[in-house]
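J.: As input, take run.tsv (TSV, C-alpha atoms):
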```
chain	number	residue	atom	x	y	z
A	1	MET	CA	-13.70	-28.31	13.86
A	2	ILE	CA	-13.17	-28.64	10.09
A	3	ARG	CA	-9.83	-30.42	10.53
A	4	PHE	CA	-11.37	-32.77	13.09
A	5	LEU	CA	-14.24	-33.67	10.76
A	6	VAL	CA	-11.91	-34.20	7.78
A	7	ILE	CA	-9.70	-36.51	9.87
A	8	ILE	CA	-12.73	-38.52	11.03
A	9	ILE	CA	-13.86	-38.88	7.40
A	10	LEU	CA	-10.35	-39.97	6.39
A	11	VAL	CA	-10.11	-42.58	9.14
A	12	VAL	CA	-13.58	-44.05	8.66
A	13	GLY	CA	-13.25	-43.92	4.88
A	14	PHE	CA	-9.90	-45.70	4.98
A	15	LEU	CA	-11.16	-48.43	7.29
A	16	ILE	CA	-14.17	-49.12	5.07
A	17	LEU	CA	-12.36	-48.88	1.72
A	18	SER	CA	-9.45	-50.94	3.03
A	19	ILE	CA	-11.56	-54.10	3.40
A	20	PRO	CA	-10.63	-55.32	-0.11
A	21	ILE	CA	-7.02	-54.23	0.57
A	22	LEU	CA	-6.90	-56.48	3.62
A	23	PHE	CA	-8.14	-59.36	1.49
A	24	LEU	CA	-5.54	-58.58	-1.18
A	25	GLU	CA	-2.83	-58.42	1.45
A	26	TRP	CA	-3.94	-61.83	2.72
A	27	LEU	CA	-3.56	-63.25	-0.79
A	28	ILE	CA	-0.12	-61.65	-1.19
A	29	GLY	CA	0.90	-63.19	2.13
A	30	LYS	CA	0.30	-66.65	0.69
A	31	TRP	CA	3.00	-65.91	-1.86
A	32	ASN	CA	5.36	-63.49	-0.09
A	33	PRO	CA	4.72	-62.75	3.63
A	34	ARG	CA	7.57	-60.24	3.84
A	35	PHE	CA	6.25	-58.21	0.90
A	36	ARG	CA	2.76	-58.29	2.43
A	37	ASP	CA	4.04	-57.01	5.77
A	38	LEU	CA	6.04	-54.17	4.24
A	39	SER	CA	3.20	-53.11	1.94
A	40	SER	CA	0.79	-53.03	4.91
A	41	LEU	CA	3.31	-50.94	6.85
A	42	ARG	CA	3.73	-48.41	4.02
A	43	ILE	CA	-0.04	-48.13	3.43
A	44	VAL	CA	-0.70	-47.26	7.06
A	45	GLN	CA	2.29	-44.93	7.21
A	46	PHE	CA	0.96	-43.06	4.16
A	47	MET	CA	-2.41	-42.59	5.89
A	48	PHE	CA	-0.78	-41.42	9.11
A	49	LYS	CA	1.32	-38.86	7.22
A	50	LEU	CA	-1.79	-37.66	5.39
A	51	ILE	CA	-3.66	-37.21	8.67
A	52	LEU	CA	-0.75	-35.27	10.16
A	53	LYS	CA	-0.71	-33.04	7.09
A	54	VAL	CA	-4.44	-32.37	7.38
A	55	ALA	CA	-3.95	-31.61	11.08
A	56	GLY	CA	-1.30	-29.05	10.17
A	57	THR	CA	1.31	-30.78	12.30
A	58	LYS	CA	4.93	-29.79	11.68
A	59	VAL	CA	7.38	-32.37	13.06
A	60	THR	CA	11.01	-31.64	13.84
A	61	VAL	CA	12.94	-34.92	14.11
A	62	ILE	CA	16.27	-35.19	15.93
A	63	GLY	CA	18.61	-38.19	16.07
A	64	GLU	CA	16.75	-40.40	13.59
A	65	GLU	CA	20.05	-41.41	12.00
A	66	GLN	CA	20.91	-43.21	15.26
A	67	VAL	CA	18.04	-45.70	14.92
A	68	PRO	CA	19.33	-49.09	13.67
A	69	THR	CA	17.67	-50.23	10.46
A	70	ASP	CA	19.17	-53.71	10.25
A	71	ILE	CA	18.09	-55.13	13.62
A	72	PRO	CA	14.89	-54.99	15.69
A	73	VAL	CA	14.70	-52.49	18.54
A	74	LEU	CA	12.43	-51.68	21.46
A	75	TYR	CA	11.03	-48.16	21.13
A	76	ILE	CA	10.15	-46.48	24.43
A	77	GLY	CA	8.32	-43.16	24.52
A	78	ASN	CA	6.38	-40.73	26.68
A	79	HIS	CA	2.67	-40.62	25.92
A	80	ARG	CA	0.34	-37.60	25.99
A	81	SER	CA	-1.71	-37.83	22.82
A	82	PHE	CA	-3.39	-40.17	20.35
A	83	PHE	CA	-1.16	-38.44	17.81
A	84	ASP	CA	1.97	-39.90	19.45
A	85	ILE	CA	1.25	-43.10	17.51
A	86	LEU	CA	0.86	-41.27	14.20
A	87	VAL	CA	3.99	-39.16	14.68
A	88	THR	CA	6.22	-42.10	15.63
A	89	TYR	CA	4.76	-44.98	13.60
A	90	SER	CA	4.89	-42.99	10.37
A	91	ARG	CA	8.70	-42.98	10.73
A	92	CYS	CA	9.39	-46.64	11.55
A	93	PRO	CA	11.96	-47.91	9.00
A	94	ASP	CA	10.82	-51.53	9.22
A	95	LEU	CA	8.17	-53.79	10.73
A	96	THR	CA	7.14	-52.55	14.16
A	97	GLY	CA	4.37	-53.72	16.46
A	98	TYR	CA	2.94	-51.34	19.04
A	99	VAL	CA	1.64	-52.47	22.41
A	100	ALA	CA	-1.87	-51.05	22.83
A	101	LYS	CA	-4.50	-51.22	25.56
A	102	ILE	CA	-6.82	-54.21	25.39
A	103	SER	CA	-9.89	-52.08	24.60
A	104	MET	CA	-8.45	-51.29	21.15
A	105	GLU	CA	-8.96	-54.91	20.16
A	106	LYS	CA	-12.72	-54.36	20.14
A	107	ILE	CA	-12.70	-51.68	17.41
A	108	PRO	CA	-13.85	-53.24	14.10
A	109	LEU	CA	-11.42	-53.13	11.15
A	110	LEU	CA	-8.90	-51.04	13.11
A	111	SER	CA	-7.99	-54.08	15.20
A	112	LEU	CA	-7.56	-56.13	11.99
A	113	TRP	CA	-5.01	-53.64	10.70
A	114	MET	CA	-3.27	-53.55	14.07
A	115	LYS	CA	-2.95	-57.33	14.15
A	116	ARG	CA	-1.73	-57.29	10.54
A	117	LEU	CA	1.03	-54.93	11.70
A	118	TYR	CA	2.03	-57.12	14.68
A	119	CYS	CA	0.49	-54.87	17.33
A	120	LEU	CA	-0.27	-56.52	20.67
A	121	PHE	CA	-3.11	-55.81	23.09
A	122	LEU	CA	-2.14	-55.54	26.75
A	123	ASP	CA	-4.56	-56.14	29.61
A	124	ARG	CA	-2.89	-54.32	32.49
A	125	GLU	CA	-5.55	-55.52	34.93
A	126	ASN	CA	-4.72	-59.18	34.33
A	127	ILE	CA	-1.15	-60.01	35.32
A	128	LYS	CA	-1.19	-63.46	33.69
A	129	GLU	CA	-2.49	-62.15	30.36
A	130	GLY	CA	-0.13	-59.18	30.55
A	131	LEU	CA	2.82	-61.55	30.91
A	132	LYS	CA	1.64	-63.49	27.87
A	133	THR	CA	1.61	-60.26	25.85
A	134	ILE	CA	5.16	-59.40	26.89
A	135	LEU	CA	6.31	-62.94	26.01
A	136	THR	CA	4.70	-62.57	22.58
A	137	GLY	CA	6.56	-59.27	22.14
A	138	ILE	CA	9.82	-61.03	23.03
A	139	ASP	CA	9.08	-63.68	20.42
A	140	GLN	CA	8.36	-61.04	17.77
A	141	ILE	CA	11.64	-59.25	18.45
A	142	LYS	CA	13.46	-62.57	18.07
A	143	ARG	CA	11.74	-62.88	14.69
A	144	GLY	CA	13.10	-59.50	13.60
A	145	ILE	CA	10.08	-57.31	14.37
A	146	SER	CA	10.67	-54.14	16.40
A	147	MET	CA	8.28	-53.35	19.24
A	148	CYS	CA	7.09	-50.07	20.73
A	149	ILE	CA	5.56	-49.48	24.14
A	150	PHE	CA	4.60	-46.40	26.14
A	151	PRO	CA	5.56	-47.53	29.67
A	152	GLU	CA	3.49	-44.90	31.47
A	153	GLY	CA	0.64	-47.29	30.77
A	154	THR	CA	-1.82	-44.61	29.65
A	155	ARG	CA	-1.85	-41.09	28.28
A	156	ASN	CA	-0.35	-38.61	30.72
A	157	LYS	CA	-2.83	-35.75	31.07
A	158	GLY	CA	-0.71	-33.69	33.45
A	159	ASP	CA	2.43	-31.62	33.01
A	160	GLU	CA	4.46	-32.74	30.00
A	161	LEU	CA	7.60	-32.86	32.13
A	162	LEU	CA	6.03	-34.86	34.98
A	163	LEU	CA	5.80	-38.34	33.48
A	164	LEU	CA	3.81	-41.12	35.06
A	165	PRO	CA	6.13	-43.78	36.57
A	166	PHE	CA	7.49	-46.13	33.91
A	167	LYS	CA	6.38	-49.71	34.45
A	168	GLU	CA	9.50	-51.89	34.70
A	169	GLY	CA	7.83	-54.88	33.04
A	170	SER	CA	7.73	-52.94	29.77
A	171	PHE	CA	11.49	-53.36	29.44
A	172	LYS	CA	11.57	-57.15	29.62
A	173	MET	CA	11.41	-57.32	25.83
A	174	ALA	CA	14.85	-55.71	25.62
A	175	GLU	CA	16.33	-57.47	28.64
A	176	LYS	CA	15.33	-60.93	27.41
A	177	THR	CA	16.34	-60.45	23.76
A	178	GLY	CA	19.38	-58.19	24.03
A	179	CYS	CA	17.92	-55.78	21.49
A	180	PRO	CA	18.73	-52.08	21.87
A	181	ILE	CA	16.29	-49.63	23.44
A	182	ILE	CA	15.54	-46.47	21.48
A	183	LEU	CA	14.04	-43.68	23.57
A	184	MET	CA	11.53	-41.40	21.86
A	185	SER	CA	11.06	-38.02	23.54
A	186	ILE	CA	7.92	-36.37	22.14
A	187	ASN	CA	7.16	-32.71	22.84
A	188	ASN	CA	3.85	-30.91	22.31
A	189	THR	CA	1.60	-33.58	20.73
A	190	ALA	CA	-1.21	-32.86	23.19
A	191	GLU	CA	-1.44	-29.43	21.61
A	192	ILE	CA	-2.68	-31.01	18.38
A	193	PHE	CA	-5.94	-32.27	19.86
A	194	GLU	CA	-6.24	-33.15	23.56
A	195	ASN	CA	-5.56	-29.65	24.94
A	196	HIS	CA	-8.54	-28.17	23.05
A	197	PHE	CA	-10.86	-31.10	22.29
A	198	PRO	CA	-12.71	-31.42	19.92
A	199	LYS	CA	-10.67	-29.02	17.79
A	200	VAL	CA	-7.56	-30.09	15.91
A	201	LYS	CA	-5.05	-27.25	15.66
A	202	PRO	CA	-1.81	-26.80	13.71
A	203	CYS	CA	1.22	-27.02	15.93
A	204	HIS	CA	4.92	-27.85	16.06
A	205	VAL	CA	5.99	-31.20	17.51
A	206	VAL	CA	9.53	-32.29	18.35
A	207	LEU	CA	10.50	-35.96	18.24
A	208	GLU	CA	13.99	-36.93	19.38
A	209	TYR	CA	15.45	-40.43	19.20
A	210	SER	CA	18.20	-41.51	21.58
A	211	ALA	CA	21.29	-43.46	20.64
A	212	PRO	CA	20.77	-47.21	21.13
A	213	ILE	CA	20.80	-48.28	24.79
A	214	TYR	CA	21.92	-51.83	25.58
A	215	PRO	CA	20.81	-52.77	29.12
A	216	LYS	CA	23.77	-55.12	29.64
A	217	GLU	CA	26.15	-52.18	29.15
A	218	LEU	CA	24.57	-50.08	31.91
A	219	SER	CA	25.62	-50.02	35.54
A	220	LYS	CA	24.12	-52.60	37.90
A	221	GLU	CA	21.94	-49.93	39.51
A	222	ASP	CA	20.59	-48.64	36.19
A	223	ARG	CA	19.88	-52.19	34.98
A	224	LYS	CA	17.97	-52.88	38.19
A	225	PHE	CA	15.78	-49.80	37.72
A	226	LEU	CA	15.82	-49.60	33.93
A	227	GLY	CA	12.41	-47.94	33.77
A	228	ALA	CA	13.47	-45.13	36.08
A	229	TYR	CA	16.71	-44.70	34.12
A	230	CYS	CA	14.85	-44.34	30.80
A	231	GLU	CA	12.22	-42.08	32.35
A	232	LYS	CA	14.94	-39.74	33.60
A	233	ARG	CA	16.62	-39.68	30.17
A	234	ILE	CA	13.36	-38.81	28.42
A	235	ILE	CA	12.52	-36.03	30.91
A	236	GLU	CA	15.95	-34.49	30.34
A	237	THR	CA	15.38	-34.49	26.59
A	238	LEU	CA	11.85	-33.09	26.90
A	239	LYS	CA	13.19	-30.21	28.97
A	240	LYS	CA	15.94	-29.56	26.44
A	241	ASN	CA	13.52	-29.46	23.52
A	242	GLN	CA	10.82	-27.32	25.14
A	243	THR	CA	12.38	-24.21	23.65
A	244	LEU	CA	11.99	-25.63	20.12
A	245	VAL	CA	8.18	-25.86	20.09
```
Would you mind writing the structure in this file as structure tokens?

T.:
Amino acid sequence: MIRFLVIIILVVGFLILSIPILFLEWLIGKWNPRFRDLSSLRIVQFMFKLILKVAGTKVTVIGEEQVPTDIPVLYIGNHRSFFDILVTYSRCPDLTGYVAKISMEKIPLLSLWMKRLYCLFLDRENIKEGLKTILTGIDQIKRGISMCIFPEGTRNKGDELLLLPFKEGSFKMAEKTGCPIILMSINNTAEIFENHFPKVKPCHVVLEYSAPIYPKELSKEDRKFLGAYCEKRIIETLKKNQTLV
């Protein structure tokens, strides 16, 4: 429970103390938007790394050298824990917006930071609004901002190797922009918190990045069912890395 309480204090404390930082970042943006964006990214990454350290989370990273750093990408990952965001976002080399559920937009201060970092809020119950969100993501990729989405649509609370079906619409951002897809296979994050709520326990997590996948280079069948193709690839990697945790 001590780790859980310390993390809560860190999160709430950061959100409150960061109010003047948000104002300062706004002022910096008037002069140098790029510098503002990168400084916001590094501030949040520092906090995420600190939280992971407090949680006692050891992360083994595989294939990170394959992630392009000079062009935007679409990150696709499996999703079992709130800590998936901390583990993956803390390693983004450049500006990256995450697609989050619409309810996150209602959380004070947190939503301000998310918007500052180009995160989008997806209403999966409203097809028209969901399409608008995907179109915004496409526009951000064209502007050089990577995007990340967990295409299961929600946290998978079942077997780690039995993923929820990937929603095909999640991949439109890559198909319409031509950017590469980077698969993120994440083992064992539910063991940090969700598997023994409300305790936070030290554990070993494995994060593996795939080589860039360009949809236009895949077979016609794989392009048609891109979600299923990526889901299969991630399951294969999760199985391979189970022995490492």

J.: Can you work out the spacing between CA of Glu64 (chain A) and CA of Ser210 (chain A) in Å, to one decimal?

T.: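 Interatomic distance here is 8.2 Å.
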
J.: If you take only C-alpha atoms and a cut-off of 9 Å, which residues of region 57-174 of chain A touch region 221-232 of chain A, and what are their nearest atom pairs and distances in Å to one decimal, in chain and number order, as JSON lines?

T.:
```
{"residue": "A:Ile76", "atom": "CA", "partner": "A:Cys230", "partner_atom": "CA", "distance": 8.2}
{"residue": "A:Gly77", "atom": "CA", "partner": "A:Glu231", "partner_atom": "CA", "distance": 8.8}
{"residue": "A:Asn78", "atom": "CA", "partner": "A:Glu231", "partner_atom": "CA", "distance": 8.3}
{"residue": "A:Pro151", "atom": "CA", "partner": "A:Gly227", "partner_atom": "CA", "distance": 8.0}
{"residue": "A:Leu163", "atom": "CA", "partner": "A:Glu231", "partner_atom": "CA", "distance": 7.5}
{"residue": "A:Leu164", "atom": "CA", "partner": "A:Glu231", "partner_atom": "CA", "distance": 8.9}
{"residue": "A:Pro165", "atom": "CA", "partner": "A:Ala228", "partner_atom": "CA", "distance": 7.5}
{"residue": "A:Phe166", "atom": "CA", "partner": "A:Gly227", "partner_atom": "CA", "distance": 5.2}
{"residue": "A:Lys167", "atom": "CA", "partner": "A:Gly227", "partner_atom": "CA", "distance": 6.3}
{"residue": "A:Glu168", "atom": "CA", "partner": "A:Gly227", "partner_atom": "CA", "distance": 5.0}
{"residue": "A:Gly169", "atom": "CA", "partner": "A:Gly227", "partner_atom": "CA", "distance": 8.3}
{"residue": "A:Ser170", "atom": "CA", "partner": "A:Gly227", "partner_atom": "CA", "distance": 7.9}
{"residue": "A:Phe171", "atom": "CA", "partner": "A:Gly227", "partner_atom": "CA", "distance": 7.0}
```

J.: Next, the residues of the selection above should be written as a PDB file, in the frame of the given file with C-alpha atoms.

T.:
```
ATOM      1  CA  ILE A  76      10.150 -46.480  24.430  1.00  0.00           C
ATOM      2  CA  GLY A  77       8.320 -43.160  24.520  1.00  0.00           C
ATOM      3  CA  ASN A  78       6.380 -40.730  26.680  1.00  0.00           C
ATOM      4  CA  PRO A 151       5.560 -47.530  29.670  1.00  0.00           C
ATOM      5  CA  LEU A 163       5.800 -38.340  33.480  1.00  0.00           C
ATOM      6  CA  LEU A 164       3.810 -41.120  35.060  1.00  0.00           C
ATOM      7  CA  PRO A 165       6.130 -43.780  36.570  1.00  0.00           C
ATOM      8  CA  PHE A 166       7.490 -46.130  33.910  1.00  0.00           C
ATOM      9  CA  LYS A 167       6.380 -49.710  34.450  1.00  0.00           C
ATOM     10  CA  GLU A 168       9.500 -51.890  34.700  1.00  0.00           C
ATOM     11  CA  GLY A 169       7.830 -54.880  33.040  1.00  0.00           C
ATOM     12  CA  SER A 170       7.730 -52.940  29.770  1.00  0.00           C
ATOM     13  CA  PHE A 171      11.490 -53.360  29.440  1.00  0.00           C
TER      14      PHE A 171
END
```

J.: Contacts of region 175-182 of chain A at 7 Å or less, counting all atoms listed in the file, minus same-chain residues fewer than 4 places along, as number ranges by chain?

T.: A: 72-76, 138, 142, 171, 209-215

J.: For the residues selected in the previous step, produce a file with C-alpha atoms as a PDB file, in the frame of the given file.

T.:
```
ATOM      1  CA  PRO A  72      14.890 -54.990  15.690  1.00  0.00           C
ATOM      2  CA  VAL A  73      14.700 -52.490  18.540  1.00  0.00           C
ATOM      3  CA  LEU A  74      12.430 -51.680  21.460  1.00  0.00           C
ATOM      4  CA  TYR A  75      11.030 -48.160  21.130  1.00  0.00           C
ATOM      5  CA  ILE A  76      10.150 -46.480  24.430  1.00  0.00           C
ATOM      6  CA  ILE A 138       9.820 -61.030  23.030  1.00  0.00           C
ATOM      7  CA  LYS A 142      13.460 -62.570  18.070  1.00  0.00           C
ATOM      8  CA  PHE A 171      11.490 -53.360  29.440  1.00  0.00           C
ATOM      9  CA  TYR A 209      15.450 -40.430  19.200  1.00  0.00           C
ATOM     10  CA  SER A 210      18.200 -41.510  21.580  1.00  0.00           C
ATOM     11  CA  ALA A 211      21.290 -43.460  20.640  1.00  0.00           C
ATOM     12  CA  PRO A 212      20.770 -47.210  21.130  1.00  0.00           C
ATOM     13  CA  ILE A 213      20.800 -48.280  24.790  1.00  0.00           C
ATOM     14  CA  TYR A 214      21.920 -51.830  25.580  1.00  0.00           C
ATOM     15  CA  PRO A 215      20.810 -52.770  29.120  1.00  0.00           C
TER      16      PRO A 215
END
```

J.: Report the closest atom pair, with its distance in Å rounded to one decimal, for each residue of region 80-177 of chain A that has an atom no farther than 12 Å from region 20-25 of chain A; count all atoms listed in the file, sort by chain and then rising residue number, and write it as CSV.

T.:
```
residue,atom,partner,partner_atom,distance
A:Leu109,CA,A:Leu22,CA,9.4
A:Leu110,CA,A:Leu22,CA,11.1
A:Ser111,CA,A:Leu22,CA,11.9
A:Leu112,CA,A:Leu22,CA,8.4
A:Trp113,CA,A:Leu22,CA,7.9
A:Met114,CA,A:Leu22,CA,11.4
A:Lys115,CA,A:Leu22,CA,11.3
A:Arg116,CA,A:Leu22,CA,8.7
A:Leu117,CA,A:Leu22,CA,11.4
```

J.: Of the residues A:Asp84, A:Glu105, A:Glu65, A:Glu191, which is the one nearest to Leu120 (chain A), using all atoms listed in the file?

T.: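 Smallest distance to Leu120 (chain A) is found for A:Glu105.
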
J.: Identify the residues within 8 Å of coordinate (8.6, -30.3, 24.2) (same frame as the file), considering all atoms listed in the file, and give the answer as a PyMOL selection string.

T.: chain A and resi 160+186-188+205-206+238-245

J.: Could you save the residues just selected, with C-alpha atoms, as a compact mmCIF listing (two decimals), in the coordinates of the input?

T.:
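Generated output (selection.txt):
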```txt
# COMPACT_ATOMS: atom_id res chain seq x y z
CA GLU A 160 4.46 -32.74 30.00
CA ILE A 186 7.92 -36.37 22.14
CA ASN A 187 7.16 -32.71 22.84
CA ASN A 188 3.85 -30.91 22.31
CA VAL A 205 5.99 -31.20 17.51
CA VAL A 206 9.53 -32.29 18.35
CA LEU A 238 11.85 -33.09 26.90
CA LYS A 239 13.19 -30.21 28.97
CA LYS A 240 15.94 -29.56 26.44
CA ASN A 241 13.52 -29.46 23.52
CA GLN A 242 10.82 -27.32 25.14
CA THR A 243 12.38 -24.21 23.65
CA LEU A 244 11.99 -25.63 20.12
CA VAL A 245 8.18 -25.86 20.09
```

J.: For Arg143 (chain A), which residue out of A:Ile71, A:Val99, A:Ile127, A:Val61 is the nearest one, using only C-alpha atoms?

T.: A:Ile71

J.: Would you work out the distance separating CA of Met104 (chain A) from CA of Gly144 (chain A), expressed in Å to one decimal?

T.: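 Distance reported for this atom pair: 24.3 Å.
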
J.: In Å, how far is it from CA of Leu5 (chain A) to CA of Phe46 (chain A)?

T.: 19.0 Å

J.: Assuming the input is short of atoms at region 37-54 of chain A, produce N, CA, C and O atoms for that part as a tab-separated table (two decimals), in the coordinates of the input.

T.:
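Printed below is selection-v2.tsv as written:
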```tsv
chain	number	residue	atom	x	y	z
A	37	ASP	N	3.83	-57.78	4.54
A	37	ASP	CA	4.04	-57.01	5.77
A	37	ASP	C	4.52	-55.60	5.47
A	37	ASP	O	4.05	-54.62	6.05
A	38	LEU	N	5.49	-55.49	4.56
A	38	LEU	CA	6.04	-54.17	4.24
A	38	LEU	C	5.01	-53.31	3.52
A	38	LEU	O	4.93	-52.10	3.77
A	39	SER	N	4.22	-53.90	2.64
A	39	SER	CA	3.20	-53.11	1.94
A	39	SER	C	2.14	-52.62	2.92
A	39	SER	O	1.68	-51.48	2.83
A	40	SER	N	1.76	-53.46	3.88
A	40	SER	CA	0.79	-53.03	4.91
A	40	SER	C	1.37	-51.88	5.72
A	40	SER	O	0.67	-50.90	6.03
A	41	LEU	N	2.63	-51.99	6.08
A	41	LEU	CA	3.31	-50.94	6.85
A	41	LEU	C	3.28	-49.62	6.09
A	41	LEU	O	2.90	-48.57	6.65
A	42	ARG	N	3.66	-49.65	4.80
A	42	ARG	CA	3.73	-48.41	4.02
A	42	ARG	C	2.35	-47.80	3.79
A	42	ARG	O	2.20	-46.58	3.75
A	43	ILE	N	1.33	-48.64	3.61
A	43	ILE	CA	-0.04	-48.13	3.43
A	43	ILE	C	-0.48	-47.34	4.66
A	43	ILE	O	-0.99	-46.22	4.55
A	44	VAL	N	-0.28	-47.93	5.83
A	44	VAL	CA	-0.70	-47.26	7.06
A	44	VAL	C	0.16	-46.03	7.32
A	44	VAL	O	-0.36	-44.98	7.75
A	45	GLN	N	1.44	-46.10	7.03
A	45	GLN	CA	2.29	-44.93	7.21
A	45	GLN	C	1.85	-43.78	6.30
A	45	GLN	O	1.87	-42.62	6.71
A	46	PHE	N	1.46	-44.09	5.08
A	46	PHE	CA	0.96	-43.06	4.16
A	46	PHE	C	-0.27	-42.38	4.75
A	46	PHE	O	-0.38	-41.15	4.73
A	47	MET	N	-1.20	-43.17	5.30
A	47	MET	CA	-2.41	-42.59	5.89
A	47	MET	C	-2.09	-41.73	7.10
A	47	MET	O	-2.65	-40.65	7.28
A	48	PHE	N	-1.16	-42.20	7.93
A	48	PHE	CA	-0.78	-41.42	9.11
A	48	PHE	C	-0.16	-40.08	8.71
A	48	PHE	O	-0.44	-39.04	9.30
A	49	LYS	N	0.69	-40.11	7.69
A	49	LYS	CA	1.32	-38.86	7.22
A	49	LYS	C	0.28	-37.92	6.64
A	49	LYS	O	0.36	-36.70	6.82
A	50	LEU	N	-0.71	-38.48	5.95
A	50	LEU	CA	-1.79	-37.66	5.39
A	50	LEU	C	-2.60	-37.00	6.50
A	50	LEU	O	-2.93	-35.81	6.42
A	51	ILE	N	-2.91	-37.75	7.55
A	51	ILE	CA	-3.66	-37.21	8.67
A	51	ILE	C	-2.87	-36.10	9.36
A	51	ILE	O	-3.42	-35.04	9.71
A	52	LEU	N	-1.58	-36.30	9.55
A	52	LEU	CA	-0.75	-35.27	10.16
A	52	LEU	C	-0.71	-34.00	9.30
A	52	LEU	O	-0.71	-32.88	9.83
A	53	LYS	N	-0.70	-34.20	7.99
A	53	LYS	CA	-0.71	-33.04	7.09
A	53	LYS	C	-2.02	-32.28	7.20
A	53	LYS	O	-2.03	-31.04	7.27
A	54	VAL	N	-3.13	-33.00	7.23
A	54	VAL	CA	-4.44	-32.37	7.38
A	54	VAL	C	-4.53	-31.64	8.72
A	54	VAL	O	-5.11	-30.56	8.82
```
